[in-house]
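Trainee: Sharing run00.cif, mmCIF, C-alpha atoms:
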```
data_work
#
loop_
_atom_site.label_atom_id
_atom_site.label_comp_id
_atom_site.auth_asym_id
_atom_site.auth_seq_id
_atom_site.Cartn_x
_atom_site.Cartn_y
_atom_site.Cartn_z
CA MET A 1 -16.07 -57.59 -4.85
CA THR A 2 -12.87 -58.28 -6.78
CA ALA A 3 -12.32 -57.04 -10.30
CA SER A 4 -9.76 -59.10 -12.15
CA ALA A 5 -9.03 -56.28 -14.54
CA ILE A 6 -9.49 -52.51 -14.64
CA PRO A 7 -11.79 -51.62 -17.57
CA ARG A 8 -10.20 -49.40 -20.20
CA GLY A 9 -13.07 -48.28 -22.36
CA PRO A 10 -13.85 -45.18 -24.44
CA GLY A 11 -13.37 -42.97 -21.38
CA ALA A 12 -9.69 -43.86 -20.99
CA THR A 13 -7.36 -40.91 -21.52
CA ALA A 14 -4.30 -40.56 -23.73
CA TRP A 15 -2.27 -41.10 -20.56
CA ALA A 16 -3.68 -44.60 -20.01
CA PRO A 17 -1.00 -47.11 -18.94
CA GLU A 18 0.11 -49.66 -21.53
CA THR A 19 -1.24 -53.11 -20.72
CA VAL A 20 1.23 -55.88 -19.91
CA THR A 21 -1.27 -58.46 -18.62
CA THR A 22 -5.06 -58.34 -18.45
CA ASP A 23 -5.94 -60.87 -15.72
CA PRO A 24 -4.83 -59.63 -13.32
CA TYR A 25 -4.38 -56.19 -14.83
CA ASN A 26 -0.78 -54.94 -14.97
CA ALA A 27 0.36 -51.99 -17.04
CA GLN A 28 3.32 -49.67 -17.41
CA THR A 29 3.53 -45.90 -17.59
CA PRO A 30 3.51 -44.45 -21.14
CA ARG A 31 6.77 -42.74 -22.14
CA ALA A 32 5.16 -39.33 -22.50
CA ALA A 33 3.98 -39.35 -18.88
CA LEU A 34 7.50 -39.98 -17.60
CA ALA A 35 8.44 -36.47 -18.74
CA GLU A 36 6.12 -35.03 -16.08
CA ARG A 37 7.39 -34.01 -12.65
CA VAL A 38 4.35 -35.68 -11.10
CA THR A 39 2.98 -38.67 -13.01
CA PRO A 40 -0.77 -38.30 -13.72
CA ALA A 41 -2.82 -40.78 -11.71
CA ASP A 42 -4.40 -42.28 -14.82
CA ALA A 43 -0.95 -42.86 -16.34
CA LEU A 44 0.89 -44.42 -13.41
CA PHE A 45 1.93 -48.05 -13.80
CA VAL A 46 -0.25 -50.69 -12.13
CA ARG A 47 1.08 -53.79 -10.35
CA ASP A 48 -1.55 -56.28 -9.22
CA HIS A 49 -1.13 -59.92 -8.15
CA PHE A 50 -4.65 -61.19 -7.46
CA GLY A 51 -7.17 -58.62 -8.71
CA VAL A 52 -8.42 -55.38 -7.17
CA PRO A 53 -10.42 -55.69 -3.91
CA ARG A 54 -13.27 -53.17 -3.88
CA THR A 55 -13.94 -51.89 -0.37
CA ALA A 56 -16.27 -48.99 0.41
CA VAL A 57 -14.79 -46.31 2.63
CA ALA A 58 -17.54 -46.87 5.18
CA ASP A 59 -16.65 -50.57 5.41
CA TRP A 60 -12.89 -50.16 5.63
CA GLY A 61 -10.96 -50.82 8.82
CA LEU A 62 -7.31 -51.27 9.74
CA ARG A 63 -6.62 -53.92 12.36
CA ILE A 64 -3.67 -53.11 14.62
CA GLY A 65 -2.48 -56.15 16.55
CA GLY A 66 0.29 -58.55 17.39
CA ALA A 67 2.86 -57.42 19.91
CA VAL A 68 1.00 -54.29 21.01
CA THR A 69 -0.60 -53.39 24.34
CA ALA A 70 -3.89 -52.05 22.94
CA PRO A 71 -5.06 -53.92 19.80
CA ALA A 72 -7.69 -51.96 17.89
CA THR A 73 -9.43 -51.50 14.56
CA LEU A 74 -9.23 -48.03 13.06
CA GLY A 75 -11.94 -46.79 10.69
CA TYR A 76 -11.46 -44.40 7.78
CA GLU A 77 -12.97 -41.37 9.49
CA GLU A 78 -10.90 -42.06 12.61
CA LEU A 79 -7.80 -42.17 10.44
CA LEU A 80 -8.65 -38.84 8.81
CA ALA A 81 -9.27 -37.32 12.24
CA LEU A 82 -5.89 -38.56 13.42
CA GLY A 83 -4.40 -37.01 10.31
CA ARG A 84 -5.46 -33.56 11.44
CA LEU A 85 -2.72 -33.86 14.06
CA GLY A 86 0.02 -34.86 11.65
CA ARG A 87 -0.97 -35.20 7.98
CA ARG A 88 1.99 -35.40 5.59
CA GLU A 89 2.19 -34.92 1.82
CA PHE A 90 5.16 -35.33 -0.51
CA ASP A 91 6.18 -36.59 -3.94
CA VAL A 92 7.43 -40.18 -3.97
CA VAL A 93 9.04 -42.29 -6.70
CA LEU A 94 7.22 -45.61 -7.06
CA GLU A 95 9.22 -48.28 -8.86
CA CYS A 96 8.34 -51.93 -9.19
CA ALA A 97 11.23 -54.11 -8.04
CA GLY A 98 11.03 -55.94 -11.38
CA ASN A 99 11.24 -52.79 -13.49
CA GLY A 100 13.64 -53.44 -16.37
CA ARG A 101 13.50 -57.22 -16.06
CA ALA A 102 13.07 -57.55 -19.84
CA LEU A 103 16.59 -56.11 -20.31
CA MET A 104 18.26 -58.98 -18.47
CA THR A 105 19.93 -61.84 -20.32
CA PRO A 106 18.76 -64.52 -19.93
CA ARG A 107 15.43 -62.96 -19.00
CA PRO A 108 14.23 -64.11 -15.58
CA PRO A 109 10.62 -65.22 -15.08
CA GLY A 110 8.05 -62.62 -14.12
CA LEU A 111 6.26 -59.71 -15.76
CA PRO A 112 8.27 -58.55 -18.80
CA TRP A 113 8.60 -54.90 -17.71
CA ASP A 114 10.85 -52.73 -19.82
CA GLN A 115 11.88 -49.52 -18.01
CA ARG A 116 8.44 -48.00 -17.40
CA ALA A 117 7.11 -49.68 -14.26
CA VAL A 118 7.91 -46.43 -12.48
CA GLY A 119 6.47 -43.01 -11.78
CA CYS A 120 6.44 -40.19 -9.26
CA ALA A 121 3.17 -39.45 -7.46
CA ARG A 122 2.14 -37.02 -4.71
CA PHE A 123 0.88 -38.98 -1.71
CA ALA A 124 -0.87 -37.61 1.34
CA GLY A 125 -1.84 -39.42 4.51
CA VAL A 126 -1.17 -40.13 8.15
CA PRO A 127 2.24 -41.22 9.46
CA PHE A 128 1.92 -44.83 10.57
CA HIS A 129 3.82 -44.15 13.78
CA LEU A 130 0.86 -42.13 15.10
CA VAL A 131 -1.33 -45.22 14.85
CA ALA A 132 1.34 -47.55 16.23
CA GLU A 133 2.02 -45.31 19.23
CA ARG A 134 -1.66 -45.32 20.14
CA ALA A 135 -1.59 -49.12 20.09
CA GLY A 136 1.56 -49.28 22.24
CA VAL A 137 4.34 -51.26 20.57
CA ALA A 138 5.79 -53.97 22.83
CA PRO A 139 9.53 -53.67 23.62
CA GLU A 140 10.22 -57.09 22.09
CA ALA A 141 8.71 -56.19 18.69
CA VAL A 142 11.21 -56.19 15.80
CA GLU A 143 8.99 -55.68 12.73
CA PHE A 144 5.55 -54.70 11.56
CA VAL A 145 3.83 -56.95 9.04
CA PHE A 146 1.41 -55.14 6.71
CA ALA A 147 -1.36 -57.08 4.93
CA GLY A 148 -3.55 -56.12 2.01
CA ALA A 149 -7.10 -57.25 1.30
CA ASP A 150 -5.91 -59.01 -1.87
CA VAL A 151 -5.65 -62.79 -1.51
CA GLY A 152 -4.73 -65.48 -4.01
CA THR A 153 -2.80 -68.68 -4.70
CA VAL A 154 1.01 -68.61 -4.64
CA HIS A 155 3.14 -71.74 -5.02
CA GLY A 156 0.00 -73.85 -4.50
CA HIS A 157 -1.03 -72.16 -1.25
CA ARG A 158 -3.63 -69.52 -0.44
CA ALA A 159 -2.00 -66.35 0.84
CA ALA A 160 -2.69 -62.68 1.42
CA PHE A 161 -0.25 -60.11 0.10
CA GLU A 162 1.92 -59.32 3.14
CA ARG A 163 5.25 -57.57 3.58
CA SER A 164 7.17 -56.56 6.68
CA LEU A 165 9.28 -53.57 7.62
CA PRO A 166 11.93 -53.28 10.33
CA LEU A 167 10.55 -51.37 13.29
CA ALA A 168 12.65 -48.27 12.63
CA GLU A 169 11.42 -48.12 9.04
CA ALA A 170 7.78 -48.75 9.92
CA LEU A 171 7.85 -46.01 12.58
CA HIS A 172 9.73 -43.49 10.43
CA PRO A 173 7.75 -40.22 10.32
CA ASP A 174 7.51 -40.39 6.51
CA THR A 175 6.05 -43.93 6.34
CA LEU A 176 2.46 -43.13 5.46
CA LEU A 177 -1.00 -44.60 5.63
CA ALA A 178 -1.84 -42.86 2.36
CA THR A 179 -5.42 -41.88 1.57
CA HIS A 180 -4.81 -39.50 -1.34
CA MET A 181 -2.73 -39.43 -4.52
CA ASN A 182 -2.18 -36.32 -6.63
CA GLY A 183 -4.72 -34.43 -4.54
CA GLU A 184 -7.56 -36.94 -4.97
CA PRO A 185 -8.70 -40.01 -3.01
CA LEU A 186 -6.75 -43.11 -4.02
CA PRO A 187 -8.09 -44.84 -7.15
CA PRO A 188 -9.05 -48.53 -6.69
CA GLU A 189 -6.11 -49.83 -8.74
CA HIS A 190 -3.68 -47.84 -6.60
CA GLY A 191 -4.84 -49.14 -3.23
CA ALA A 192 -8.08 -47.44 -2.19
CA PRO A 193 -9.21 -46.74 0.43
CA VAL A 194 -5.79 -46.81 2.17
CA ARG A 195 -2.33 -48.02 1.19
CA LEU A 196 1.08 -47.99 2.77
CA VAL A 197 3.73 -45.70 1.25
CA VAL A 198 7.36 -46.25 2.25
CA PRO A 199 9.50 -43.62 0.49
CA GLY A 200 12.81 -44.84 -0.88
CA ARG A 201 11.90 -48.53 -1.05
CA TYR A 202 10.78 -50.54 -4.05
CA ALA A 203 7.00 -50.35 -4.36
CA VAL A 204 6.46 -53.91 -3.12
CA ALA A 205 6.77 -52.35 0.35
CA ASP A 206 3.84 -50.03 -0.37
CA VAL A 207 1.14 -52.57 0.48
CA LYS A 208 -2.12 -51.63 -1.24
CA TRP A 209 -5.68 -52.12 0.05
CA LEU A 210 -4.21 -52.16 3.54
CA VAL A 211 -6.33 -53.91 6.19
CA GLU A 212 -3.88 -55.09 8.87
CA ALA A 213 -0.68 -54.07 10.62
CA ARG A 214 0.69 -56.39 13.27
CA ALA A 215 3.84 -56.15 15.33
CA VAL A 216 5.93 -59.34 15.44
CA THR A 217 8.80 -60.45 17.66
CA GLU A 218 10.56 -62.56 15.03
CA PRO A 219 11.47 -61.67 11.43
CA PHE A 220 8.53 -62.35 9.09
CA THR A 221 8.96 -65.22 6.60
CA GLY A 222 5.78 -65.01 4.51
CA VAL A 223 5.85 -65.92 0.82
CA PHE A 224 6.20 -62.32 -0.43
CA GLN A 225 8.98 -61.67 2.06
CA ALA A 226 11.12 -64.79 1.93
CA GLU A 227 10.30 -66.45 -1.42
CA GLU A 228 9.09 -63.70 -3.76
CA TYR A 229 10.71 -60.26 -4.04
CA VAL A 230 14.01 -61.69 -2.86
CA TYR A 231 17.42 -61.27 -4.51
CA VAL A 232 18.54 -64.74 -5.59
CA ALA A 233 21.99 -65.07 -7.17
CA SER A 234 22.89 -67.48 -9.96
CA ARG A 235 23.80 -70.12 -7.35
CA GLY A 236 20.16 -70.11 -6.20
CA ILE A 237 20.99 -68.77 -2.74
CA PRO A 238 18.63 -66.07 -1.41
CA GLU A 239 20.45 -62.87 -0.47
CA GLY A 240 17.60 -61.08 1.29
CA PRO A 241 14.40 -59.26 0.33
CA VAL A 242 14.45 -56.27 -2.00
CA ALA A 243 14.57 -53.02 -0.05
CA ALA A 244 16.01 -49.61 -1.04
CA ILE A 245 15.64 -48.48 -4.66
CA ARG A 246 18.91 -48.60 -6.58
CA VAL A 247 20.13 -45.44 -8.32
CA LYS A 248 18.64 -45.17 -11.80
CA SER A 249 17.87 -42.85 -14.71
CA PHE A 250 15.50 -42.74 -17.66
CA ILE A 251 15.77 -40.90 -21.00
CA SER A 252 12.41 -39.33 -21.88
CA ALA A 253 13.59 -37.39 -24.97
CA PRO A 254 14.45 -37.98 -27.69
CA GLU A 255 12.36 -41.09 -28.18
CA PRO A 256 13.69 -44.37 -29.63
CA ASP A 257 14.42 -44.18 -33.37
CA ASP A 258 13.77 -40.43 -33.57
CA ASP A 259 15.33 -38.79 -36.64
CA LEU A 260 17.65 -35.93 -35.67
CA ARG A 261 19.58 -33.48 -37.85
CA ARG A 262 23.34 -33.26 -37.99
CA GLY A 263 24.60 -29.93 -36.69
CA THR A 264 21.30 -29.13 -34.97
CA GLN A 265 21.18 -28.96 -31.19
CA THR A 266 19.02 -31.59 -29.48
CA VAL A 267 18.03 -31.47 -25.82
CA VAL A 268 18.48 -34.89 -24.24
CA ARG A 269 16.39 -35.03 -21.06
CA GLY A 270 15.03 -37.43 -18.53
CA ARG A 271 14.59 -38.34 -14.86
CA ALA A 272 16.91 -39.82 -12.24
CA TRP A 273 16.24 -41.18 -8.74
CA SER A 274 17.62 -43.26 -5.90
CA GLY A 275 16.34 -44.86 -2.71
CA ALA A 276 16.35 -44.23 1.03
CA GLY A 277 16.00 -40.48 0.55
CA LEU A 278 19.35 -40.19 -1.26
CA ALA A 279 19.71 -37.20 -3.54
CA VAL A 280 20.91 -37.62 -7.11
CA GLY A 281 24.20 -35.75 -7.22
CA ARG A 282 25.15 -36.19 -10.86
CA VAL A 283 23.82 -37.34 -14.23
CA GLU A 284 26.17 -37.89 -17.15
CA VAL A 285 25.23 -38.25 -20.81
CA ARG A 286 27.13 -39.84 -23.65
CA ALA A 287 26.50 -40.29 -27.40
CA GLU A 288 28.01 -43.38 -29.04
CA HIS A 289 28.16 -43.45 -32.82
CA GLU A 290 27.70 -46.88 -34.41
CA ASP A 291 31.20 -46.66 -35.96
CA GLU A 292 32.82 -46.47 -32.53
CA ASP A 293 32.08 -50.16 -31.97
CA ARG A 294 34.09 -51.23 -35.02
CA PRO A 295 37.34 -53.01 -34.12
CA GLY A 296 40.50 -51.08 -34.91
CA GLU A 297 38.85 -47.65 -35.21
CA GLU A 298 39.79 -44.83 -32.88
CA PRO A 299 36.95 -43.03 -31.07
CA VAL A 300 36.39 -39.47 -32.26
CA GLY A 301 35.67 -38.00 -28.81
CA GLU A 302 31.92 -37.80 -29.20
CA ALA A 303 31.45 -40.71 -26.80
CA ASP A 304 32.89 -38.93 -23.77
CA TRP A 305 30.66 -38.57 -20.71
CA HIS A 306 29.30 -35.06 -20.15
CA ASP A 307 27.55 -33.65 -17.09
CA ALA A 308 23.86 -32.93 -17.50
CA GLU A 309 22.12 -29.99 -15.88
CA LEU A 310 20.00 -31.01 -12.90
CA GLU A 311 16.63 -29.54 -11.87
CA PRO A 312 15.85 -29.17 -8.16
CA PRO A 313 13.61 -32.09 -7.11
CA THR A 314 10.24 -31.32 -5.54
CA GLY A 315 11.19 -33.11 -2.33
CA PRO A 316 13.55 -35.65 -0.76
CA TYR A 317 11.74 -38.65 -2.29
CA ALA A 318 10.96 -37.20 -5.73
CA TRP A 319 12.93 -37.81 -8.87
CA THR A 320 15.33 -35.29 -10.38
CA GLY A 321 14.87 -33.88 -13.86
CA TRP A 322 17.98 -33.48 -15.98
CA SER A 323 18.91 -32.20 -19.44
CA TYR A 324 21.93 -32.04 -21.74
CA ARG A 325 22.30 -30.09 -24.99
CA TRP A 326 23.86 -32.24 -27.69
CA THR A 327 24.81 -31.34 -31.26
CA PRO A 328 25.56 -34.46 -33.35
CA ARG A 329 28.49 -34.05 -35.74
CA ARG A 330 28.11 -37.08 -38.00
CA PRO A 331 25.16 -38.84 -39.64
CA GLY A 332 24.32 -42.39 -38.68
CA ARG A 333 22.90 -44.33 -35.79
CA TYR A 334 23.71 -43.23 -32.25
CA ARG A 335 23.09 -44.71 -28.86
CA LEU A 336 22.41 -42.06 -26.24
CA LEU A 337 23.38 -43.14 -22.73
CA ALA A 338 22.68 -41.65 -19.31
CA ARG A 339 24.00 -42.67 -15.91
CA ALA A 340 23.13 -41.25 -12.50
CA THR A 341 25.20 -41.12 -9.32
CA ASP A 342 23.59 -40.64 -5.91
CA ALA A 343 24.77 -38.98 -2.70
CA HIS A 344 26.46 -42.20 -1.52
CA GLY A 345 28.54 -42.33 -4.70
CA ASP A 346 26.64 -45.29 -6.18
CA THR A 347 26.51 -45.13 -10.00
CA GLN A 348 24.44 -47.08 -12.50
CA PRO A 349 26.42 -50.04 -13.86
CA PRO A 350 26.94 -50.58 -17.61
CA ARG A 351 24.86 -53.78 -17.59
CA ALA A 352 21.87 -55.06 -15.67
CA PRO A 353 22.92 -56.88 -12.49
CA TRP A 354 21.42 -60.31 -13.18
CA ASN A 355 19.55 -62.24 -10.51
CA ALA A 356 17.16 -65.16 -10.70
CA GLN A 357 13.95 -63.17 -10.19
CA GLY A 358 14.96 -60.09 -12.15
CA TYR A 359 14.89 -57.45 -9.42
CA GLY A 360 16.78 -54.17 -8.98
CA CYS A 361 17.65 -53.78 -12.67
CA ASN A 362 19.42 -50.41 -12.98
CA PRO A 363 21.85 -50.38 -15.91
CA VAL A 364 22.87 -47.21 -17.72
CA ALA A 365 19.82 -45.83 -19.59
CA ALA A 366 19.96 -46.07 -23.39
CA VAL A 367 18.00 -44.79 -26.39
CA ASP A 368 18.91 -45.39 -30.05
CA VAL A 369 18.38 -42.52 -32.53
CA VAL A 370 19.26 -41.74 -36.14
CA VAL A 371 21.08 -38.59 -37.29
CA VAL A 372 20.47 -37.55 -40.92
#
```
Turn this file's structure into structure tokens for me.

Mentor:
Amino acid sequence: MTASAIPRGPGATAWAPETVTTDPYNAQTPRAALAERVTPADALFVRDHFGVPRTAVADWGLRIGGAVTAPATLGYEELLALGRLGRREFDVVLECAGNGRALMTPRPPGLPWDQRAVGCARFAGVPFHLVAERAGVAPEAVEFVFAGADVGTVHGHRAAFERSLPLAEALHPDTLLATHMNGEPLPPEHGAPVRLVVPGRYAVADVKWLVEARAVTEPFTGVFQAEEYVYVASRGIPEGPVAAIRVKSFISAPEPDDDLRRGTQTVVRGRAWSGAGLAVGRVEVRAEHEDEDRPGEEPVGEADWHDAELEPPTGPYAWTGWSYRWTPRRPGRYRLLARATDAHGDTQPPRAPWNAQGYGCNPVAAVDVVVV
């Protein structure tokens, strides 16, 4: 059975995601939940294209086929048994590739996410390579294509949600067939019974409601690989599918339009992350007074960049907490800015890098506050 929307009735918690669309149901993480090291399951953003397929654990199976020597279908209990030989668990940042699209000018088509289609969850499951090795990957295979049970109409054609991974990425020991999130079985809206989790990549790679994995000998060109979730420049030329998460930060406190007191210390804090297992090496914070944008006026030094203090992340794929103690010296409106730099030296740009589908938006984080 397919549910076109997740019901949010009287039992919904204060952490409930904020609805963006209802049919299918898409919602973003509430600001308060982004202050948590691990995002509560009932707060984590939801991205759904066609509605949620409901599959009982007893009826679930993963078909392994294509360029393999021993095609098979793996049941849920078999998967759990295999996991006893190599179960993995770690915290992973999930970020929709379109997160921040609403900040781009002009705004590209697609869900109008602000900066909250992101979270950090603790996933547990079985490394996919254990399943692939049992099937025997053919030497000529170059990718694995992963398919979900969700099917719908895209560009006038019926299609399943499918994405591919290069062989090395698919067989990486941390690419998981995840069965649990935050210590509990996956919820339906987050891919139950089993989903793929590919740490360091935008969440489009983390195919939910997984039912098939097939090895292919040529690069996959399905609609969600070659037409959707592709970087397309202003000239309309595709530049390749979205892959590793770009370095990014988020300010969780203070909140937009908070009233702060002059001369009183405020702790500016938030989260920062990057893709492909890259550590965040630095976060800098800056406070711009509204007067500093007036032509002909000299800056008063308050708008310099200052290093924030970093918290140790909970693992190689988790986000990094940061904080900076700021004492405003003048009343008025301020824009607080934060920018992260990762281990490769990549830093958030001042403005969103525009592209036709609105992916990979990672400008310097900003929150406007008032000092009285």

Trainee: How far is it from CA of Arg122 (chain A) to CA of Val145 (chain A), in Å with one decimal?

Mentor: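 It comes out at 24.3 Å.
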
Trainee: So which residues touch Leu186 (chain A) within 9 Å, counting all atoms listed in the file, skipping near sequence neighbours fewer than 6 positions away, as a PyMOL selection string?

Mentor: chain A and resi 41+123+178-180+192-195

Trainee: Output the selection as a short mmCIF file (atom, residue, chain, number, x, y, z; two decimals), keeping the file's coordinate frame - C-alpha atoms for each residue.

Mentor:
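What ended up in out-v1.cif:
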```cif
data_model
loop_
_atom_site.label_atom_id
_atom_site.label_comp_id
_atom_site.auth_asym_id
_atom_site.auth_seq_id
_atom_site.Cartn_x
_atom_site.Cartn_y
_atom_site.Cartn_z
CA ALA A 41 -2.82 -40.78 -11.71
CA PHE A 123 0.88 -38.98 -1.71
CA ALA A 178 -1.84 -42.86 2.36
CA THR A 179 -5.42 -41.88 1.57
CA HIS A 180 -4.81 -39.50 -1.34
CA ALA A 192 -8.08 -47.44 -2.19
CA PRO A 193 -9.21 -46.74 0.43
CA VAL A 194 -5.79 -46.81 2.17
CA ARG A 195 -2.33 -48.02 1.19
#
```

Trainee: Separation of CA of Gly183 (chain A) and CA of Asp59 (chain A), in Å?

Mentor: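 So the two atoms, CA of Gly183 (chain A) and CA of Asp59 (chain A), lie 22.4 Å apart.
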
Trainee: Got a sec to resolve the PyMOL selection byres ((chain A and resi 189) around 8) on this structure and send the residues as a PyMOL selection string?

Mentor: chain A and resi 6+46+48+52+187-188+190-192

Trainee: To verify the selection step, state as an NGL selection string which residues the PyMOL selection byres ((chain A and resi 91) around 10) yields on this input.

Mentor: :A and (37-39 or 89-90 or 92-94 or 120-124 or 181-182 or 199 or 313-319)

Trainee: Padding 5 Å on every side, please: axis-aligned box over the listed atoms of region 39-53 of chain A, centre and edge lengths to one decimal in Å, as AutoDock Vina command-line options.

Mentor:
```
--center_x -3.7 --center_y -49.7 --center_z -10.1 --size_x 23.4 --size_y 32.9 --size_z 22.4
```

Trainee: Can you tell me, as a PyMOL selection string, what residues are no more than 9 Å from region 340-345 of chain A when counting all atoms listed in the file, ignoring any on the same chain fewer than 4 positions away?

Mentor: chain A and resi 247-249+272-275+278-284+364

Trainee: If we count only C-alpha atoms, what is near region 149-155 of chain A at a cut-off of 10 Å, once residues fewer than 2 positions away on the same chain are taken out, given as a PyMOL selection string?

Mentor: chain A and resi 2+48-55+147+157-162+191+207-212+223-224+227-228

Trainee: Just write the chosen residues, C-alpha atoms, as a JSON list (two decimals), in the coordinates of the input.

Mentor:
```json
[["chain", "number", "residue", "atom", "x", "y", "z"],
["A", 2, "THR", "CA", -12.87, -58.28, -6.78],
["A", 48, "ASP", "CA", -1.55, -56.28, -9.22],
["A", 49, "HIS", "CA", -1.13, -59.92, -8.15],
["A", 50, "PHE", "CA", -4.65, -61.19, -7.46],
["A", 51, "GLY", "CA", -7.17, -58.62, -8.71],
["A", 52, "VAL", "CA", -8.42, -55.38, -7.17],
["A", 53, "PRO", "CA", -10.42, -55.69, -3.91],
["A", 54, "ARG", "CA", -13.27, -53.17, -3.88],
["A", 55, "THR", "CA", -13.94, -51.89, -0.37],
["A", 147, "ALA", "CA", -1.36, -57.08, 4.93],
["A", 157, "HIS", "CA", -1.03, -72.16, -1.25],
["A", 158, "ARG", "CA", -3.63, -69.52, -0.44],
["A", 159, "ALA", "CA", -2.00, -66.35, 0.84],
["A", 160, "ALA", "CA", -2.69, -62.68, 1.42],
["A", 161, "PHE", "CA", -0.25, -60.11, 0.10],
["A", 162, "GLU", "CA", 1.92, -59.32, 3.14],
["A", 191, "GLY", "CA", -4.84, -49.14, -3.23],
["A", 207, "VAL", "CA", 1.14, -52.57, 0.48],
["A", 208, "LYS", "CA", -2.12, -51.63, -1.24],
["A", 209, "TRP", "CA", -5.68, -52.12, 0.05],
["A", 210, "LEU", "CA", -4.21, -52.16, 3.54],
["A", 211, "VAL", "CA", -6.33, -53.91, 6.19],
["A", 212, "GLU", "CA", -3.88, -55.09, 8.87],
["A", 223, "VAL", "CA", 5.85, -65.92, 0.82],
["A", 224, "PHE", "CA", 6.20, -62.32, -0.43],
["A", 227, "GLU", "CA", 10.30, -66.45, -1.42],
["A", 228, "GLU", "CA", 9.09, -63.70, -3.76]]
```

Trainee: What is the CA of Gly119 (chain A) to CA of Leu44 (chain A) distance in Å?

Mentor: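 Straight-line distance from CA of Gly119 (chain A) to CA of Leu44 (chain A) works out to 6.0 Å.
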
Trainee: Report as a VMD selection string the residues that result from applying the PyMOL selection byres ((chain A and resi 327) around 6) to the structure here.

Mentor: chain A and resid 263 to 265 326 328

Trainee: Looking at A:His172, A:Arg31, A:Arg330, A:Arg261, which one is nearest to Val118 (chain A), with distances taken over all atoms listed in the file?

Mentor: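 Once distances to Val118 (chain A) are computed over all atoms listed in the file, the minimum belongs to A:Arg31.
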
Trainee: Kindly indicate which residue among A:Pro108, A:Pro312, A:Gly98, A:Pro350 lies nearest to Ala203 (chain A), using only C-alpha atoms for the distances.

Mentor: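 That would be A:Gly98, the residue with the smallest distance to Ala203 (chain A).
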
Trainee: Ranking A:Arg262, A:Arg201, A:His129, A:Arg163 by minimum distance to Gly222 (chain A) and counting only C-alpha atoms, which one comes first?

Mentor: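 When distances to Gly222 (chain A) are compared using only C-alpha atoms, the smallest one comes from A:Arg163.
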
Trainee: Using only C-alpha atoms for the distances, tell me which of A:Val369, A:Ala226, A:Leu79, A:Val137 is nearest to Gly240 (chain A).

Mentor: A:Ala226

Trainee: Choose the residue, out of A:Gly125, A:Gly277, A:Pro24, A:Gly83, that has the smallest atom-to-atom separation from Leu111 (chain A); count all atoms listed in the file.

Mentor: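 Result for the nearest residue to Leu111 (chain A): A:Pro24.
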
Trainee: Set the distance at 8 Å and use only C-alpha atoms: which residues neighbour Ser164 (chain A) once local chain neighbours fewer than 3 positions away are removed? I'd like the list as a list in words.

Mentor: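 Surrounding residues, per the criterion: Glu143, Phe144, Val145, Phe146, Ala205, Phe220 and Gln225 of chain A.
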
Trainee: Give as an mmCIF file with C-alpha atoms, in the frame of the given file each residue that has an atom at most 7 Å from (21.7, -54.1, -15.1) in the file, counting all atoms listed in the file.

Mentor:
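Output saved as selection-v8.cif:
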```cif
data_model
loop_
_atom_site.group_PDB
_atom_site.id
_atom_site.type_symbol
_atom_site.label_atom_id
_atom_site.label_comp_id
_atom_site.auth_asym_id
_atom_site.auth_seq_id
_atom_site.Cartn_x
_atom_site.Cartn_y
_atom_site.Cartn_z
ATOM 1 C CA MET A 104 18.260 -58.980 -18.470
ATOM 2 C CA PRO A 349 26.420 -50.040 -13.860
ATOM 3 C CA PRO A 350 26.940 -50.580 -17.610
ATOM 4 C CA ARG A 351 24.860 -53.780 -17.590
ATOM 5 C CA ALA A 352 21.870 -55.060 -15.670
ATOM 6 C CA PRO A 353 22.920 -56.880 -12.490
ATOM 7 C CA TRP A 354 21.420 -60.310 -13.180
ATOM 8 C CA CYS A 361 17.650 -53.780 -12.670
ATOM 9 C CA ASN A 362 19.420 -50.410 -12.980
ATOM 10 C CA PRO A 363 21.850 -50.380 -15.910
#
```

Trainee: Could I get region 44-51 of chain A rebuilt with N, CA and C atoms, written as a CSV table (one decimal), keeping the file's coordinate frame?

Mentor:
```
chain,number,residue,atom,x,y,z
A,44,LEU,N,-0.1,-43.7,-14.2
A,44,LEU,CA,0.9,-44.4,-13.4
A,44,LEU,C,0.8,-45.9,-13.6
A,45,PHE,N,1.9,-46.6,-13.6
A,45,PHE,CA,1.9,-48.0,-13.8
A,45,PHE,C,1.1,-48.7,-12.7
A,46,VAL,N,0.6,-49.9,-13.0
A,46,VAL,CA,-0.2,-50.7,-12.1
A,46,VAL,C,0.4,-52.1,-11.9
A,47,ARG,N,0.6,-52.4,-10.7
A,47,ARG,CA,1.1,-53.8,-10.4
A,47,ARG,C,0.1,-54.5,-9.5
A,48,ASP,N,-0.5,-55.6,-9.9
A,48,ASP,CA,-1.6,-56.3,-9.2
A,48,ASP,C,-1.3,-57.8,-9.3
A,49,HIS,N,-1.4,-58.5,-8.2
A,49,HIS,CA,-1.1,-59.9,-8.2
A,49,HIS,C,-2.4,-60.7,-8.3
A,50,PHE,N,-3.5,-60.3,-7.6
A,50,PHE,CA,-4.6,-61.2,-7.5
A,50,PHE,C,-6.0,-60.5,-7.9
A,51,GLY,N,-5.9,-59.3,-8.4
A,51,GLY,CA,-7.2,-58.6,-8.7
A,51,GLY,C,-7.4,-57.5,-7.7
```
